[in-house]
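Engineer: I'm passing along structure-v6.txt; it holds compact mmCIF, C-alpha atoms.
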```
# COMPACT_ATOMS: atom_id res chain seq x y z
CA MET A 259 187.64 180.34 129.14
CA ARG A 260 187.23 177.47 131.61
CA GLN A 261 183.51 178.23 131.97
CA THR A 262 183.11 178.25 128.18
CA ILE A 263 184.79 174.83 127.86
CA HIS A 264 182.68 173.49 130.74
CA ALA A 265 179.46 174.72 129.11
CA PHE A 266 180.52 173.23 125.77
CA LEU A 267 181.22 169.84 127.36
CA MET A 268 177.85 169.91 129.14
CA MET A 269 176.13 170.57 125.81
CA ILE A 270 177.86 167.55 124.30
CA ILE A 271 176.85 165.34 127.24
CA ILE A 272 173.25 166.50 127.05
CA SER A 273 173.18 165.89 123.29
CA VAL A 274 174.52 162.36 123.74
CA LEU A 275 171.94 161.65 126.43
CA LEU A 276 169.15 162.97 124.23
CA CYS A 277 170.30 160.87 121.30
CA SER A 278 170.46 157.83 123.57
CA PHE A 279 166.94 158.53 124.82
CA GLN A 280 165.62 158.94 121.29
CA THR A 281 167.25 155.68 120.23
CA ARG A 282 165.58 153.92 123.16
CA ALA A 283 162.14 155.42 122.55
CA ILE A 284 159.57 152.63 122.69
CA GLU A 285 157.80 152.09 119.39
CA VAL A 286 154.70 149.91 119.56
CA ALA A 287 154.29 147.40 116.75
CA ALA A 288 151.39 149.25 115.12
CA GLU A 289 153.75 152.17 114.47
CA ARG A 290 156.19 149.89 112.59
CA GLY A 291 154.22 149.82 109.35
CA ASP A 292 157.21 148.91 107.22
CA HIS A 293 157.37 145.59 109.10
CA TYR A 294 153.78 144.48 108.49
CA LEU A 295 152.13 146.50 105.71
CA PRO A 296 153.76 144.29 103.01
CA MET A 297 152.10 141.28 104.68
CA LEU A 298 148.67 142.88 104.17
CA GLU A 299 149.10 143.82 100.54
CA ASP A 300 146.34 142.33 98.33
CA LYS A 301 144.85 140.60 101.40
CA ARG A 302 141.35 140.75 102.81
CA VAL A 303 141.94 141.83 106.40
CA GLY A 304 139.96 141.38 109.59
CA LEU A 305 140.88 143.52 112.60
CA VAL A 306 140.58 142.48 116.25
CA VAL A 307 140.85 145.92 117.81
CA ASN A 308 139.41 148.52 120.16
CA GLN A 309 140.18 152.16 120.94
CA SER A 310 143.75 151.32 122.03
CA ALA A 311 144.80 150.32 118.49
CA ARG A 312 146.56 153.57 117.69
CA VAL A 313 149.28 154.58 115.27
CA GLY A 314 150.33 157.85 116.83
CA GLU A 315 147.15 159.95 116.94
CA GLN A 316 145.41 157.80 114.32
CA HIS A 317 143.34 154.65 114.79
CA LEU A 318 144.84 151.55 113.17
CA LEU A 319 141.73 151.17 110.99
CA ASP A 320 142.19 154.65 109.51
CA TYR A 321 145.94 154.12 109.15
CA LEU A 322 145.43 150.90 107.19
CA THR A 323 142.71 152.42 105.05
CA ASP A 324 145.00 155.35 104.22
CA ASN A 325 147.60 152.80 103.15
CA GLN A 326 145.17 151.08 100.78
CA VAL A 327 144.78 147.99 102.97
CA ASN A 328 141.49 146.19 102.33
CA VAL A 329 139.88 145.95 105.79
CA VAL A 330 136.65 143.97 105.38
CA ARG A 331 135.60 143.43 108.99
CA ILE A 332 136.27 144.53 112.56
CA PHE A 333 135.97 142.21 115.56
CA ALA A 334 135.45 144.13 118.80
CA PRO A 335 136.15 142.73 122.31
CA GLU A 336 134.49 143.45 125.66
CA HIS A 337 133.84 147.21 126.06
CA GLY A 338 133.34 147.56 122.30
CA PHE A 339 135.23 148.97 119.31
CA ARG A 340 135.47 152.42 120.92
CA GLY A 341 136.05 151.04 124.44
CA ASN A 342 133.07 152.87 125.93
CA LYS A 343 130.94 149.93 127.11
CA GLY A 344 130.89 148.83 130.73
CA ALA A 345 132.08 145.45 131.99
CA GLY A 346 129.69 142.63 131.11
CA VAL A 347 127.50 144.85 128.90
CA TYR A 348 125.97 142.92 126.00
CA ILE A 349 127.21 144.47 122.74
CA ASN A 350 125.46 144.16 119.39
CA ASP A 351 127.07 144.08 115.95
CA ASP A 352 127.47 147.50 114.39
CA LYS A 353 129.14 149.49 111.59
CA ASP A 354 131.95 152.03 111.79
CA VAL A 355 130.48 155.42 110.91
CA LYS A 356 133.66 156.78 109.33
CA THR A 357 134.69 153.89 107.07
CA GLY A 358 131.51 151.85 106.79
CA VAL A 359 133.37 148.68 107.82
CA SER A 360 131.10 146.22 109.63
CA ILE A 361 131.81 145.52 113.30
CA VAL A 362 131.23 142.07 114.79
CA SER A 363 130.91 142.04 118.57
CA LEU A 364 132.94 139.39 120.39
CA TYR A 365 131.13 140.21 123.59
CA GLY A 366 127.55 139.52 122.61
CA ALA A 367 125.98 136.48 121.01
CA ASN A 368 129.41 134.93 120.47
CA LYS A 369 132.87 135.52 121.89
CA LYS A 370 134.60 133.65 119.06
CA PRO A 371 134.31 134.51 115.36
CA LYS A 372 132.07 132.08 113.48
CA PRO A 373 133.46 130.37 110.35
CA GLU A 374 131.07 132.31 108.12
CA GLN A 375 132.34 135.59 109.62
CA LEU A 376 135.84 134.63 108.45
CA ALA A 377 134.83 133.28 105.03
CA ASP A 378 136.02 136.37 103.14
CA ILE A 379 139.10 137.07 105.29
CA ASP A 380 142.71 136.09 104.53
CA ILE A 381 144.35 137.36 107.71
CA LEU A 382 143.32 138.50 111.18
CA VAL A 383 145.28 141.39 112.73
CA PHE A 384 145.17 141.73 116.52
CA ASP A 385 146.05 145.05 118.19
CA ILE A 386 144.65 145.58 121.69
CA GLN A 387 146.40 147.06 124.72
CA ASP A 388 146.45 144.59 127.61
CA VAL A 389 147.33 145.10 131.30
CA GLY A 390 149.11 141.82 131.98
CA VAL A 391 146.48 140.17 134.19
CA ARG A 392 145.00 136.78 133.30
CA PHE A 393 141.37 137.62 134.10
CA TYR A 394 141.40 140.76 131.93
CA THR A 395 139.36 139.42 129.02
CA TYR A 396 141.41 140.79 126.11
CA LEU A 397 143.71 137.80 126.56
CA SER A 398 140.72 135.47 126.17
CA THR A 399 139.71 137.31 122.99
CA LEU A 400 143.24 136.77 121.66
CA VAL A 401 143.03 133.03 122.35
CA LEU A 402 139.55 132.58 120.87
CA THR A 403 140.32 134.55 117.69
CA MET A 404 143.55 132.60 117.24
CA GLU A 405 141.58 129.37 117.55
CA ALA A 406 139.03 130.62 115.00
CA ALA A 407 141.83 131.52 112.57
CA GLN A 408 143.50 128.15 113.10
CA GLN A 409 140.23 126.33 112.50
CA LYS A 410 139.55 128.32 109.32
CA GLY A 411 143.15 128.08 108.05
CA ILE A 412 143.80 131.82 107.81
CA SER A 413 146.87 133.76 108.94
CA TYR A 414 147.11 135.62 112.24
CA LEU A 415 149.18 138.74 112.95
CA VAL A 416 149.75 140.21 116.42
CA LEU A 417 150.89 143.82 116.67
CA ASP A 418 152.42 143.71 120.13
CA ARG A 419 152.18 146.31 122.88
CA PRO A 420 153.98 146.68 126.24
CA ASN A 421 152.63 145.14 129.44
CA PRO A 422 152.40 147.76 132.24
CA ASN A 423 152.68 144.94 134.82
CA ILE A 424 155.43 143.03 133.01
CA THR A 425 157.81 142.81 135.98
CA TYR A 426 155.34 140.78 138.07
CA VAL A 427 154.74 137.03 137.87
CA ASP A 428 152.51 135.90 140.71
CA GLY A 429 149.33 134.06 141.67
CA PRO A 430 148.12 130.49 141.17
CA VAL A 431 148.52 128.98 137.71
CA LEU A 432 145.07 128.38 136.23
CA GLU A 433 143.77 124.83 136.55
CA GLN A 434 141.91 123.43 133.54
CA ARG A 435 138.70 122.80 135.54
CA PHE A 436 138.41 126.54 136.20
CA ARG A 437 138.88 127.58 132.57
CA SER A 438 136.43 130.30 131.53
CA PHE A 439 136.27 133.59 129.66
CA VAL A 440 138.01 135.24 132.65
CA GLY A 441 140.83 132.72 132.49
CA MET A 442 141.70 130.52 129.51
CA LEU A 443 145.43 129.80 129.71
CA PRO A 444 147.44 127.88 132.36
CA VAL A 445 149.38 130.96 133.47
CA PRO A 446 149.55 132.83 136.81
CA ILE A 447 147.22 135.76 137.56
CA LEU A 448 150.15 138.05 136.74
CA HIS A 449 152.05 136.34 133.93
CA GLY A 450 154.64 139.03 133.17
CA MET A 451 154.28 138.62 129.40
CA THR A 452 152.99 140.65 126.48
CA LEU A 453 150.10 139.33 124.40
CA GLY A 454 152.53 138.73 121.55
CA GLU A 455 154.63 136.49 123.76
CA LEU A 456 151.53 134.69 125.04
CA ALA A 457 150.37 134.13 121.46
CA LEU A 458 153.69 132.43 120.69
CA MET A 459 153.49 130.38 123.88
CA SER A 460 149.90 129.32 123.18
CA VAL A 461 150.96 127.87 119.84
CA GLY A 462 154.24 126.44 121.08
CA GLU A 463 152.70 124.74 124.11
CA GLY A 464 149.66 123.43 122.24
CA TRP A 465 147.19 125.40 124.36
CA LEU A 466 144.81 126.20 121.49
CA THR A 467 141.85 123.83 121.43
CA SER A 468 141.32 123.90 117.66
CA THR A 469 143.19 121.64 115.25
CA GLY A 470 145.56 122.37 112.39
CA GLN A 471 148.55 124.66 111.96
CA LEU A 472 148.32 128.38 112.66
CA ASP A 473 150.34 130.76 110.49
CA LEU A 474 151.24 133.17 113.33
CA THR A 475 153.40 136.29 113.09
CA VAL A 476 154.18 138.63 115.99
CA ILE A 477 155.58 142.09 115.29
CA PRO A 478 157.44 143.07 118.49
CA VAL A 479 157.63 146.43 120.21
CA ALA A 480 160.87 148.20 119.29
CA SER A 481 163.39 149.27 121.96
CA TYR A 482 161.40 147.70 124.80
CA SER A 483 162.41 145.63 127.81
CA ALA A 484 160.93 144.70 131.17
CA LYS A 485 163.00 147.51 132.68
CA ASP A 486 160.80 150.10 130.96
CA ASP A 487 157.99 151.53 133.10
CA TYR A 488 155.30 151.91 130.45
CA ALA A 489 152.39 154.30 131.09
CA LEU A 490 149.38 153.56 128.90
CA PRO A 491 148.54 156.51 126.60
CA ILE A 492 144.84 155.50 126.42
CA ALA A 493 142.65 153.94 129.12
CA PRO A 494 142.20 150.27 128.14
CA SER A 495 138.62 150.13 129.47
CA PRO A 496 136.15 152.40 131.33
CA ASN A 497 136.90 151.02 134.79
CA LEU A 498 140.68 151.16 134.43
CA PRO A 499 140.88 154.91 133.81
CA ASN A 500 144.46 155.52 134.93
CA GLN A 501 147.77 153.92 135.81
CA ARG A 502 146.94 153.63 139.51
CA ALA A 503 143.84 151.52 138.72
CA ILE A 504 145.92 149.33 136.40
CA TYR A 505 148.46 148.67 139.17
CA LEU A 506 145.76 147.92 141.78
CA TYR A 507 143.61 145.79 139.48
CA PRO A 508 145.42 142.45 140.12
CA SER A 509 144.91 142.81 143.88
CA LEU A 510 141.34 144.14 143.83
CA CYS A 511 139.63 142.16 141.07
CA LEU A 512 139.01 139.11 143.29
CA PHE A 513 136.64 141.34 145.27
CA GLU A 514 134.37 141.24 142.21
CA ALA A 515 133.11 137.83 143.43
CA THR A 516 132.35 139.19 146.91
CA GLN A 517 129.92 141.61 148.51
CA VAL A 518 132.63 144.29 148.53
CA SER A 519 132.61 147.23 146.09
CA VAL A 520 135.84 148.12 144.27
CA GLY A 521 134.58 151.54 143.27
CA ARG A 522 132.59 150.70 140.15
CA GLY A 523 130.11 153.54 139.83
CA SER A 524 132.50 156.06 141.38
CA ASP A 525 135.13 158.44 140.01
CA PHE A 526 137.88 156.07 141.17
CA PRO A 527 137.09 152.46 140.10
CA PHE A 528 139.67 149.87 141.19
CA GLN A 529 141.30 152.45 143.43
CA VAL A 530 139.06 152.01 146.49
CA PHE A 531 137.09 149.26 148.17
CA GLY A 532 134.42 149.14 150.84
CA HIS A 533 131.09 147.84 152.13
CA ASP A 534 127.98 149.40 153.63
CA ARG A 535 127.30 147.04 156.57
CA VAL A 536 130.81 145.82 157.36
CA ARG A 537 132.95 148.94 157.76
CA LEU A 538 136.34 148.32 156.19
CA GLY A 539 137.77 151.79 156.78
CA THR A 540 136.90 155.43 157.17
CA PHE A 541 136.80 156.47 153.52
CA ALA A 542 133.21 156.88 152.33
CA PHE A 543 131.81 156.76 148.80
CA SER A 544 128.47 155.99 147.19
CA PRO A 545 128.34 153.95 143.95
CA ARG A 546 126.04 155.40 141.30
CA SER A 547 124.97 154.48 137.80
CA ILE A 548 127.47 155.75 135.21
CA PRO A 549 126.51 155.13 131.55
CA GLY A 550 129.27 153.34 129.67
CA ALA A 551 131.08 152.30 132.84
CA ALA A 552 128.73 150.98 135.52
CA MET A 553 125.01 150.91 134.81
CA HIS A 554 124.04 148.96 137.92
CA PRO A 555 127.09 148.92 140.21
CA LYS A 556 127.30 146.85 143.34
CA LEU A 557 125.89 148.65 146.44
CA GLN A 558 124.40 151.36 144.21
CA GLY A 559 123.01 154.30 146.19
CA LYS A 560 124.43 153.04 149.50
CA THR A 561 127.08 154.79 151.58
CA VAL A 562 130.10 152.52 151.52
CA TYR A 563 132.97 152.66 154.01
CA GLY A 564 136.42 151.37 153.19
CA LYS A 565 139.88 152.34 152.03
CA ASP A 566 141.14 154.90 149.53
CA LEU A 567 144.15 153.35 147.75
CA ARG A 568 144.85 156.12 145.27
CA HIS A 569 148.12 156.93 147.04
CA SER A 570 149.02 153.41 148.22
CA GLY A 571 151.87 152.75 145.78
CA GLN A 572 150.84 149.08 145.62
CA ARG A 573 151.90 147.14 142.53
CA GLY A 574 151.86 143.44 141.75
CA LEU A 575 149.59 141.02 143.59
CA SER A 576 148.79 141.52 147.28
CA LEU A 577 146.24 139.50 149.26
CA ASP A 578 146.53 141.66 152.38
CA TRP A 579 143.31 143.59 151.75
CA LEU A 580 141.42 140.41 150.91
CA VAL A 581 142.60 138.69 154.10
CA GLN A 582 141.82 141.75 156.25
CA THR A 583 138.35 142.04 154.73
CA GLN A 584 137.63 138.33 155.20
CA SER A 585 138.55 138.72 158.87
CA ALA A 586 136.25 141.73 159.26
CA PHE A 587 133.33 139.85 157.70
CA VAL A 588 133.92 136.81 159.93
CA GLN A 589 133.91 139.04 163.01
CA GLN A 590 130.56 140.45 161.92
CA GLN A 591 129.30 136.92 161.16
CA GLN A 592 128.88 137.87 157.51
CA VAL A 593 129.84 135.99 154.34
CA MET A 594 132.30 137.91 152.17
CA ILE A 595 132.47 135.63 149.10
CA ASN A 596 128.92 135.44 147.78
CA SER A 597 129.87 133.88 144.43
CA PRO A 598 132.35 131.05 145.13
CA ASP A 599 132.27 129.69 141.57
CA PHE A 600 133.10 133.07 140.07
CA PHE A 601 135.78 133.66 142.71
CA ASP A 602 137.51 130.40 141.77
CA LYS A 603 137.30 131.23 138.05
CA LEU A 604 138.96 134.60 138.68
CA ALA A 605 141.62 132.99 140.87
CA GLY A 606 142.03 130.10 138.42
CA ALA A 607 141.98 127.70 141.36
CA ASP A 608 140.13 127.16 144.64
CA VAL A 609 143.28 127.48 146.74
CA ILE A 610 142.76 131.15 147.68
CA ARG A 611 139.12 130.71 148.70
CA LEU A 612 139.88 127.63 150.79
CA ALA A 613 142.88 129.30 152.42
CA LEU A 614 140.78 132.35 153.32
CA ALA A 615 138.22 130.05 154.94
CA GLN A 616 141.02 128.48 157.02
CA GLY A 617 142.09 131.91 158.25
CA LEU A 618 145.57 131.81 156.68
CA LYS A 619 147.56 135.02 156.48
CA ALA A 620 148.43 136.65 153.16
CA HIS A 621 152.07 135.53 153.11
CA GLN A 622 151.05 131.96 153.92
CA ILE A 623 148.62 131.88 151.00
CA GLU A 624 151.06 133.51 148.58
CA ALA A 625 153.72 130.90 149.48
CA ILE A 626 151.47 128.09 148.20
CA TRP A 627 152.04 128.79 144.50
CA GLN A 628 155.64 130.01 144.43
CA GLN A 629 157.00 126.69 143.17
CA GLU A 630 154.57 126.55 140.22
CA VAL A 631 155.30 130.21 139.43
CA GLN A 632 159.00 129.39 139.16
CA ALA A 633 158.19 126.44 136.90
CA PHE A 634 156.10 128.73 134.70
CA LYS A 635 158.96 131.24 134.43
CA THR A 636 161.19 128.47 133.11
CA ARG A 637 158.53 127.18 130.74
CA ARG A 638 157.95 130.61 129.17
CA LEU A 639 161.64 131.29 128.38
CA PRO A 640 161.59 130.15 124.71
CA TYR A 641 158.77 132.58 123.92
CA LEU A 642 160.09 135.80 125.45
CA LEU A 643 160.70 138.61 122.96
CA TYR A 644 162.05 141.21 125.39
CA GLU A 645 164.85 141.38 127.91
CA ARG A 646 163.94 140.53 131.50
CA GLU A 647 165.88 141.54 134.57
```
Take the structure in the file and give it back as structure tokens.
Structural biologist:
Amino acid sequence: MRQTIHAFLMMIIISVLLCSFQTRAIEVAAERGDHYLPMLEDKRVGLVVNQSARVGEQHLLDYLTDNQVNVVRIFAPEHGFRGNKGAGVYINDDKDVKTGVSIVSLYGANKKPKPEQLADIDILVFDIQDVGVRFYTYLSTLVLTMEAAQQKGISYLVLDRPNPNITYVDGPVLEQRFRSFVGMLPVPILHGMTLGELALMSVGEGWLTSTGQLDLTVIPVASYSAKDDYALPIAPSPNLPNQRAIYLYPSLCLFEATQVSVGRGSDFPFQVFGHDRVRLGTFAFSPRSIPGAAMHPKLQGKTVYGKDLRHSGQRGLSLDWLVQTQSAFVQQQQVMINSPDFFDKLAGADVIRLALAQGLKAHQIEAIWQQEVQAFKTRRLPYLLYERE
């Protein structure tokens, strides 16, 4: 009898836990059609999307079309509408084979929609999965399309998605003189915000460079907080193929402005780093041309020696590998940073490059911007949509 009662109680507990879990299931904004479909009724809609704009197993474009929404144009960011173009690859305008909707590339002749491309549009809808790092260019596409909408006087709707690096706020705040397509907003490298929150902050803080009022709406993610460890269901771009690469990306991307390879042209991009002449470790790999990911990768065809970070567990921003590599290059009388201008644009400031040249240790460099990071955390408070720890 006692065993029967015990089993019955366990079943009740399990049921309660399951119900609690189901109630807390994260629901991205695109899946909350009842919250935004009425806004699109009888409107001519432009989509700023790529392959990550999913409603369950369906692309947002198909979902809207099935719901009789009039989608007249697609605006595709870096890597293209289907997300299969490598970093920096020039992308031409195109047409979606399934629906016949025209696709305007925002990573080709222009990175910002032209007024004539918005002439027959009433509202722009943005739905792209970000990774929470300032130099990841989807944030820049958000800013530029918001500015284009503001300039044209059309509405703007953000369907928000979680940030897989939301618990981290770190790195120098971008200085205006280093503003570029790899850094447009005065936020740290890791800003700890979703794109929906950053859209609100951009308007609220007057960061958009165009004039006029912007009719902005953000549909938030349901049942989401910074405590949730969100694994991306779809790779956001070819060279961030998995969660490990997404976690290592903030720490490794600064190597893009150096002679060091971060694994582009390998099966593990942004999960390794190395060099052919200056040995940075014992792990060996050889970058090769990979269509759609790395056509002409750095150190192509050379045997590169460095570190395999696929099991490192590193998250957030760490300058340890950068400092160690700088030291190794100095010992070999080699120059690590071969593109100082690009390095500073990625960093958003020249403080990291100058500190590396002075031989400062990682913790000494990271201490430089802690005060401005704290100020940023305070400044962003009015725009946060989700609970923070």
Engineer: Using Å and a single decimal, report how far CA of Ala480 in chain A sits from CA of Leu382 in chain A.
Structural biologist: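 Pair CA of Leu382 in chain A / CA of Ala480 in chain A returns 21.6 Å.
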Engineer: Please write as a PyMOL selection string the list of polymer residues whose atoms come within 12 Å of (130.3, 142.2, 158.3), counting all atoms listed in the file and keeping to the coordinates of the file.
Structural biologist: chain A and resi 516-518+532-538+563+582-595
Engineer: What separation in Å, quoted to one decimal, exists between CA of Ile424 in chain A and CA of Ile610 in chain A?
Structural biologist: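 Taking CA of Ile424 in chain A as the start and CA of Ile610 in chain A as the end point, the length is 22.7 Å.
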Engineer: With all atoms listed in the file as the counted atoms, please give the residues lying no more than 7 Å from Gly606 in chain A, apart from itself and same-chain residues fewer than 4 positions off, as a ChimeraX atom specification.
Structural biologist: /A:430-433,436,441,602
Engineer: Find the residues of range 409-486 of chain A that sit at most 9 Å from range 387-393 of chain A; for each, write down the nearest two atoms and how far apart they are in Å, to one decimal. Count only C-alpha atoms. Sort by chain, then by number going up, and give it as a Markdown table.
Structural biologist:
```
| residue | atom | partner | partner_atom | distance |
| --- | --- | --- | --- | --- |
| A:Asp418 | CA | A:Gln387 | CA | 8.3 |
| A:Arg419 | CA | A:Gln387 | CA | 6.1 |
| A:Pro420 | CA | A:Gln387 | CA | 7.7 |
| A:Asn421 | CA | A:Gly390 | CA | 5.5 |
| A:Pro422 | CA | A:Val389 | CA | 5.8 |
| A:Asn423 | CA | A:Gly390 | CA | 5.5 |
| A:Ile424 | CA | A:Gly390 | CA | 6.5 |
| A:Tyr426 | CA | A:Gly390 | CA | 8.8 |
| A:Leu432 | CA | A:Arg392 | CA | 8.9 |
| A:Phe439 | CA | A:Phe393 | CA | 7.9 |
| A:Val440 | CA | A:Phe393 | CA | 4.4 |
| A:Gly441 | CA | A:Phe393 | CA | 5.2 |
| A:Met442 | CA | A:Arg392 | CA | 8.0 |
| A:Leu443 | CA | A:Arg392 | CA | 7.9 |
| A:Val445 | CA | A:Arg392 | CA | 7.3 |
| A:Pro446 | CA | A:Arg392 | CA | 7.0 |
| A:Ile447 | CA | A:Arg392 | CA | 4.9 |
| A:Leu448 | CA | A:Val391 | CA | 4.9 |
| A:His449 | CA | A:Gly390 | CA | 6.5 |
| A:Gly450 | CA | A:Gly390 | CA | 6.3 |
| A:Met451 | CA | A:Gly390 | CA | 6.6 |
| A:Thr452 | CA | A:Gly390 | CA | 6.8 |
| A:Leu453 | CA | A:Asp388 | CA | 7.2 |
```
Engineer: Using Å and a single decimal, report how far CA of Glu455 in chain A sits from CA of Pro527 in chain A.
Structural biologist: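 For CA of Pro527 in chain A relative to CA of Glu455 in chain A, the distance reads 28.8 Å.
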Engineer: Restricting the calculation to all atoms listed in the file, which member of A:Leu642, A:Ala542, A:Ala489, A:Ala613 is positioned closest to Ala625 in chain A?
Structural biologist: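 The answer is A:Ala613, which sits nearest to Ala625 in chain A.
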Engineer: Tell me, as a list in words, which residues lie within 6 Å of Val479 in chain A, counting all atoms listed in the file; anything in the same chain fewer than 5 positions away does not count.
Structural biologist: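 Near neighbours after the sequence-gap exclusion: Glu285, Val286, Ala287 and Asp418 of chain A.
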Engineer: Quick one: everything within 8 Å of Phe384 in chain A, counting all atoms listed in the file, minus sequence neighbours fewer than 4 positions away in the same chain. Send it as a PyMOL selection string.
Structural biologist: chain A and resi 305-307+400+414-417
Engineer: Name the closest residue to Pro371 in chain A among the candidates A:Gln628, A:Gln408, A:Thr475, A:Gln501; distances are taken between atoms, counting only C-alpha atoms.
Structural biologist: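 Of the candidates, the smallest distance to Pro371 in chain A is held by A:Gln408.
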Engineer: Counting only C-alpha atoms, figure out which residue out of A:Gly462, A:Gly429, A:Gly358, A:Gly314 gets nearest to Arg637 in chain A.
Structural biologist: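 Going through A:Gly462, A:Gly429, A:Gly358, A:Gly314 one by one, the smallest distance to Arg637 in chain A is for A:Gly462.
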Engineer: From the set A:Glu463, A:Asp380, A:Asp428, A:Asp385, which residue has the shortest atom-to-atom contact distance to Pro640 in chain A, counting only C-alpha atoms?
Structural biologist: A:Glu463
Engineer: Need to verify the contact set: Leu318 in chain A, 10 Å, all atoms listed in the file, exclusion of same-chain residues closer than 4 positions in sequence. Can you return it as a list in words?
Structural biologist: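 Near Leu318 in chain A, the qualifying residues are Ala288, Glu289, Leu305, Val307, Asn308, Gln309, Ser310, Ala311, Arg312, Val313, Gly314, Leu322, Thr323, Asp324 and Asp385 of chain A.
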Engineer: Tell me, as a count of residues only, which residues lie within 12 Å of Pro373 in chain A, counting all atoms listed in the file; anything in the same chain fewer than 3 positions away does not count.
Structural biologist: 15
Engineer: For His621 in chain A, which residue among A:Leu577, A:Ala633, A:Val383, A:Ala607 is the nearest when counting all atoms listed in the file?
Structural biologist: A:Leu577
Engineer: Pick out the closest residue to Tyr365 in chain A from this set: A:Pro508, A:Pro335, A:Pro478, A:Gly291. Count all atoms listed in the file.
Structural biologist: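 For Tyr365 in chain A, the nearest of the given residues is A:Pro335.
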Engineer: With the cut-off set at 12 Å and counting all atoms listed in the file, tabulate each residue of range 506-562 of chain A with an atom at most that distance from an atom of range 570-573 of chain A, showing the nearest atom pair and its distance in Å to one decimal, ordered by chain and increasing number, as a Markdown table.
Structural biologist:
```
| residue | atom | partner | partner_atom | distance |
| --- | --- | --- | --- | --- |
| A:Leu506 | CA | A:Arg573 | CA | 6.2 |
| A:Tyr507 | CA | A:Arg573 | CA | 8.9 |
| A:Pro508 | CA | A:Arg573 | CA | 8.4 |
| A:Ser509 | CA | A:Arg573 | CA | 8.3 |
| A:Leu510 | CA | A:Gln572 | CA | 10.9 |
| A:Gln529 | CA | A:Ser570 | CA | 9.1 |
| A:Val530 | CA | A:Ser570 | CA | 10.2 |
```
